[in-house]
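Trainee: Could you have a look at this structure, given as structure tokens, before my questions?
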Amino acid sequence: MTMWKVAIVDDEPKIRRGFKKWINENSIYFETVYEARSAEEVLEKNKSYCVDLYFLDIHMDGLTGLELGRIIKKKDPKALIVYITGYDYFEYAHEAIKLQAFDYLLKPVPQSDFFKVLKKANDSLNQLFPERKKKEEGKSLKSMEKFDGSCSQIVIQGKEYIEVCYGDPNLSLDKAAQILNIHKDYFSKLMKEELGYTFIEYLTKVRVNRAKELLEQDLSSISMYDIAQKIGYKSQHYFSRIFKKYVGSTPLQYRNQKHYQKYNDSF
């Protein structure tokens, strides 16, 4: 079966290696055809490769990811572009890329967020190229979660909303209920009855799980403050307190434990 072709463009080798590993180990729909650290390298490699999906870092030396994206879309309008950006540039990036981006990922990138984007890209590419449609057989993407059939549509939508927007520090029951056009008390009652969690409990669960994913990666250069912001907490101290309550150890202890286990497992 032919796979969708992926190019990973980032000036950080760890990002490139990590994304490639996730694709190779978990997807039957995509394959990485090349990695690149600059826009110039991409333009050269595109003379030899056809690419369906690009992961482009916005801030690179030389041409930026946004400038490169414009060139790519001009030559291949059907190509999908997912921009990667650091937290410090989020607001700028969000405004700049929404004009032509397929999606964006905010560094550091939790594995589950990456797989959700892949699932979304596979669905979109199947629509763009029906003659090359990938059948959902065999091993599937980790992001393809199956909802309990007993869940109502509004709870499924609420669950999805939390899993996408958990990084918003202002995310609240009021805000979600307003977006989903449902009374907040009724929404909260439905979530508790069908999921076993209140809105805040499920939001916290998602945030803690995303933090665990990041802490398990080789991201020693990423501070606890960065991780706290990434998952929607303005205070590093509050993040640490919540994490310890749910996991039983501080974020730093959890990171050290996981890295120690990986070190021992390699021998």
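Ligands are numbered from 1 in the order shown, chains are lettered A, B, ... in the order of the structure tokens, and residues start at 1 in each chain.
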Quick one: everything within 6 Å of region 29-37 of chain A, counting only C-alpha atoms, minus sequence neighbours fewer than 2 positions away in the same chain. Send it as a PyMOL selection string.
Mentor: chain A and resi 3-11+27+41
Trainee: Hey, can you spit out that residue selection with N, CA and C atoms as a PDB file, in the first residue's frame?
Mentor:
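Dumped everything to result.pdb:
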```pdb
ATOM      1  N   MET A   3       2.020   4.919   0.769  1.00  0.00           N
ATOM      2  CA  MET A   3       1.816   5.758   1.942  1.00  0.00           C
ATOM      3  C   MET A   3       1.889   7.227   1.570  1.00  0.00           C
ATOM      4  N   TRP A   4       1.287   8.082   2.403  1.00  0.00           N
ATOM      5  CA  TRP A   4       1.442   9.518   2.242  1.00  0.00           C
ATOM      6  C   TRP A   4       2.873   9.885   2.590  1.00  0.00           C
ATOM      7  N   LYS A   5       3.440  10.792   1.808  1.00  0.00           N
ATOM      8  CA  LYS A   5       4.846  11.168   1.969  1.00  0.00           C
ATOM      9  C   LYS A   5       4.976  12.383   2.891  1.00  0.00           C
ATOM     10  N   VAL A   6       5.903  12.299   3.843  1.00  0.00           N
ATOM     11  CA  VAL A   6       6.067  13.346   4.847  1.00  0.00           C
ATOM     12  C   VAL A   6       7.482  13.921   4.800  1.00  0.00           C
ATOM     13  N   ALA A   7       7.584  15.244   4.937  1.00  0.00           N
ATOM     14  CA  ALA A   7       8.873  15.919   5.103  1.00  0.00           C
ATOM     15  C   ALA A   7       8.866  16.622   6.461  1.00  0.00           C
ATOM     16  N   ILE A   8       9.926  16.442   7.227  1.00  0.00           N
ATOM     17  CA  ILE A   8      10.051  17.055   8.553  1.00  0.00           C
ATOM     18  C   ILE A   8      11.153  18.104   8.490  1.00  0.00           C
ATOM     19  N   VAL A   9      10.777  19.357   8.717  1.00  0.00           N
ATOM     20  CA  VAL A   9      11.715  20.466   8.543  1.00  0.00           C
ATOM     21  C   VAL A   9      11.826  21.241   9.851  1.00  0.00           C
ATOM     22  N   ASP A  10      12.986  21.122  10.494  1.00  0.00           N
ATOM     23  CA  ASP A  10      13.210  21.792  11.776  1.00  0.00           C
ATOM     24  C   ASP A  10      14.714  21.860  11.998  1.00  0.00           C
ATOM     25  N   ASP A  11      15.187  22.955  12.589  1.00  0.00           N
ATOM     26  CA  ASP A  11      16.621  23.069  12.808  1.00  0.00           C
ATOM     27  C   ASP A  11      17.085  22.366  14.086  1.00  0.00           C
ATOM     28  N   SER A  27       2.435   4.439  12.496  1.00  0.00           N
ATOM     29  CA  SER A  27       1.511   4.754  11.418  1.00  0.00           C
ATOM     30  C   SER A  27       1.719   3.874  10.197  1.00  0.00           C
ATOM     31  N   GLU A  41      17.375  23.684   1.989  1.00  0.00           N
ATOM     32  CA  GLU A  41      17.526  22.239   1.845  1.00  0.00           C
ATOM     33  C   GLU A  41      16.233  21.613   1.321  1.00  0.00           C
TER      34      GLU A  41
END
```
Trainee: Considering only C-alpha atoms, return as a list in words whatever protein or nucleic-acid residues lie within 10 Å of Ala176 (chain A), sequence-local ones (same chain, fewer than 4 positions apart) excluded.
Mentor: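 Surrounding residues, per the criterion: Gln157, Gly158, Tyr161, Ile162, Cys165, Leu171, Ser172, Leu180, Asn181, Ile182, His183, Lys184, Phe187 and Phe199 of chain A.
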Trainee: Quick one: write out the picked residues with N, CA and C atoms as a PDB file, in the first residue's frame?
Mentor:
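Contents of selection11.pdb, as written:
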```pdb
ATOM      1  N   GLN A 157     -18.331  15.764  22.060  1.00  0.00           N
ATOM      2  CA  GLN A 157     -17.836  17.064  21.604  1.00  0.00           C
ATOM      3  C   GLN A 157     -17.077  17.784  22.716  1.00  0.00           C
ATOM      4  N   GLY A 158     -17.606  17.709  23.936  1.00  0.00           N
ATOM      5  CA  GLY A 158     -16.920  18.337  25.058  1.00  0.00           C
ATOM      6  C   GLY A 158     -15.573  17.708  25.326  1.00  0.00           C
ATOM      7  N   TYR A 161     -13.231  18.828  22.656  1.00  0.00           N
ATOM      8  CA  TYR A 161     -12.879  20.239  22.863  1.00  0.00           C
ATOM      9  C   TYR A 161     -11.779  20.376  23.915  1.00  0.00           C
ATOM     10  N   ILE A 162     -11.911  19.654  25.011  1.00  0.00           N
ATOM     11  CA  ILE A 162     -10.891  19.688  26.057  1.00  0.00           C
ATOM     12  C   ILE A 162      -9.562  19.165  25.535  1.00  0.00           C
ATOM     13  N   CYS A 165      -8.058  21.905  23.277  1.00  0.00           N
ATOM     14  CA  CYS A 165      -7.839  23.248  23.848  1.00  0.00           C
ATOM     15  C   CYS A 165      -7.294  23.234  25.270  1.00  0.00           C
ATOM     16  N   LEU A 171      -9.333  28.218  29.786  1.00  0.00           N
ATOM     17  CA  LEU A 171     -10.367  27.229  29.505  1.00  0.00           C
ATOM     18  C   LEU A 171     -11.176  26.966  30.775  1.00  0.00           C
ATOM     19  N   SER A 172     -12.493  26.998  30.647  1.00  0.00           N
ATOM     20  CA  SER A 172     -13.357  26.826  31.801  1.00  0.00           C
ATOM     21  C   SER A 172     -14.648  26.147  31.378  1.00  0.00           C
ATOM     22  N   LEU A 180     -20.278  25.192  23.097  1.00  0.00           N
ATOM     23  CA  LEU A 180     -21.079  24.028  22.722  1.00  0.00           C
ATOM     24  C   LEU A 180     -22.586  24.316  22.774  1.00  0.00           C
ATOM     25  N   ASN A 181     -22.922  25.545  23.182  1.00  0.00           N
ATOM     26  CA  ASN A 181     -24.316  25.984  23.214  1.00  0.00           C
ATOM     27  C   ASN A 181     -25.169  25.081  24.104  1.00  0.00           C
ATOM     28  N   ILE A 182     -24.721  24.919  25.352  1.00  0.00           N
ATOM     29  CA  ILE A 182     -25.436  24.092  26.308  1.00  0.00           C
ATOM     30  C   ILE A 182     -25.310  24.734  27.686  1.00  0.00           C
ATOM     31  N   HIS A 183     -26.295  24.553  28.535  1.00  0.00           N
ATOM     32  CA  HIS A 183     -26.217  25.121  29.885  1.00  0.00           C
ATOM     33  C   HIS A 183     -25.100  24.432  30.660  1.00  0.00           C
ATOM     34  N   LYS A 184     -24.307  25.210  31.351  1.00  0.00           N
ATOM     35  CA  LYS A 184     -23.104  24.666  32.000  1.00  0.00           C
ATOM     36  C   LYS A 184     -23.435  23.606  33.051  1.00  0.00           C
ATOM     37  N   PHE A 187     -24.372  20.413  31.251  1.00  0.00           N
ATOM     38  CA  PHE A 187     -23.171  19.869  30.617  1.00  0.00           C
ATOM     39  C   PHE A 187     -22.306  19.163  31.652  1.00  0.00           C
ATOM     40  N   PHE A 199     -16.117  18.370  34.542  1.00  0.00           N
ATOM     41  CA  PHE A 199     -15.351  19.087  33.512  1.00  0.00           C
ATOM     42  C   PHE A 199     -13.932  19.357  33.986  1.00  0.00           C
TER      43      PHE A 199
END
```
Trainee: Please provide the set of residues having any atom within 12 Å of Ile72 (chain A), restricted to only C-alpha atoms, with same-chain residues fewer than 4 positions apart removed, written as a compact mmCIF listing (two decimals) with N, CA and C atoms, in the first residue's frame.
Mentor:
```
# COMPACT_ATOMS: atom_id res chain seq x y z
N ALA A 7 7.58 15.24 4.94
CA ALA A 7 8.87 15.92 5.10
C ALA A 7 8.87 16.62 6.46
N ALA A 39 15.06 25.89 4.88
CA ALA A 39 14.20 26.02 3.71
C ALA A 39 14.96 25.72 2.43
N GLU A 40 16.20 26.17 2.38
CA GLU A 40 17.03 25.94 1.19
C GLU A 40 17.20 24.45 0.92
N VAL A 42 15.10 22.12 1.76
CA VAL A 42 13.81 21.62 1.30
C VAL A 42 13.64 21.86 -0.20
N LEU A 43 13.93 23.07 -0.64
CA LEU A 43 13.77 23.39 -2.05
C LEU A 43 14.65 22.52 -2.93
N ASN A 46 13.10 18.87 -2.83
CA ASN A 46 11.83 18.76 -3.54
C ASN A 46 12.00 18.57 -5.04
N LYS A 47 13.22 18.73 -5.53
CA LYS A 47 13.49 18.43 -6.93
C LYS A 47 13.45 16.92 -7.17
N CYS A 50 8.33 13.97 -4.01
CA CYS A 50 6.98 14.52 -3.93
C CYS A 50 6.51 14.35 -2.49
N VAL A 51 5.97 15.41 -1.93
CA VAL A 51 5.59 15.39 -0.51
C VAL A 51 4.11 15.75 -0.37
N ASP A 52 3.39 14.98 0.47
CA ASP A 52 1.98 15.24 0.74
C ASP A 52 1.79 16.10 1.99
N LEU A 53 2.65 15.89 2.98
CA LEU A 53 2.48 16.55 4.28
C LEU A 53 3.83 17.07 4.77
N TYR A 54 3.86 18.37 5.09
CA TYR A 54 5.08 18.99 5.61
C TYR A 54 4.87 19.39 7.07
N PHE A 55 5.88 19.12 7.89
CA PHE A 55 5.97 19.71 9.23
C PHE A 55 7.06 20.77 9.15
N LEU A 56 6.68 22.04 9.26
CA LEU A 56 7.62 23.14 9.06
C LEU A 56 7.79 23.96 10.34
N GLY A 65 9.77 29.41 8.06
CA GLY A 65 8.82 28.39 7.68
C GLY A 65 7.61 28.97 6.96
N LEU A 66 7.18 30.17 7.37
CA LEU A 66 6.05 30.80 6.70
C LEU A 66 6.38 31.15 5.25
N GLU A 67 7.59 31.68 5.03
CA GLU A 67 8.01 32.00 3.66
C GLU A 67 8.14 30.74 2.82
N LEU A 68 8.70 29.70 3.42
CA LEU A 68 8.82 28.43 2.71
C LEU A 68 7.44 27.87 2.40
N ASP A 76 2.47 23.60 -5.13
CA ASP A 76 1.62 22.43 -4.89
C ASP A 76 0.50 22.82 -3.93
N PRO A 77 -0.60 23.37 -4.44
CA PRO A 77 -1.69 23.86 -3.59
C PRO A 77 -2.32 22.79 -2.70
N LYS A 78 -2.21 21.51 -3.10
CA LYS A 78 -2.83 20.44 -2.32
C LYS A 78 -1.94 19.94 -1.17
N ALA A 79 -0.71 20.39 -1.13
CA ALA A 79 0.18 19.95 -0.05
C ALA A 79 -0.35 20.47 1.29
N LEU A 80 -0.29 19.63 2.31
CA LEU A 80 -0.72 20.02 3.65
C LEU A 80 0.50 20.48 4.45
N ILE A 81 0.34 21.60 5.15
CA ILE A 81 1.45 22.15 5.93
C ILE A 81 1.04 22.30 7.38
N GLN A 100 -3.20 29.89 5.73
CA GLN A 100 -2.94 28.80 4.80
C GLN A 100 -2.49 27.51 5.45
N ALA A 101 -2.33 27.49 6.76
CA ALA A 101 -1.85 26.28 7.42
C ALA A 101 -2.94 25.23 7.53
```
Trainee: What lies within 9 Å of Leu219 (chain A) using only C-alpha atoms, ignoring chain neighbours under 4 positions off, as a list of chain:residue names?
Mentor: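 So, after excluding close chain neighbours, the residues are A:Lys14, A:Pro108, A:Leu214, A:Leu215, A:Ser223.
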Trainee: Can you list every residue in region 6-205 of chain A that DSSP puts in strand (DSSP E or B), as number ranges by chain?
Mentor: A: 6-9, 30-36, 53-57, 80-86, 103-107
Trainee: Which distance in Å separates CA of Met191 (chain A) and CA of Phe243 (chain A), to one decimal?
Mentor: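 The value is 22.2 Å.
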Trainee: Smallest atom-to-atom distance to Lys205 (chain A): which of A:Lys107, A:Glu163, A:Lys230, A:Gln236, using only C-alpha atoms?
Mentor: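 Selected residue with least distance to Lys205 (chain A): A:Glu163.
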Trainee: When you draw a straight line from CA of Leu195 (chain A) to CA of Val247 (chain A), how long is it in Å?
Mentor: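 About the pair CA of Leu195 (chain A) and CA of Val247 (chain A): they are 20.0 Å apart.
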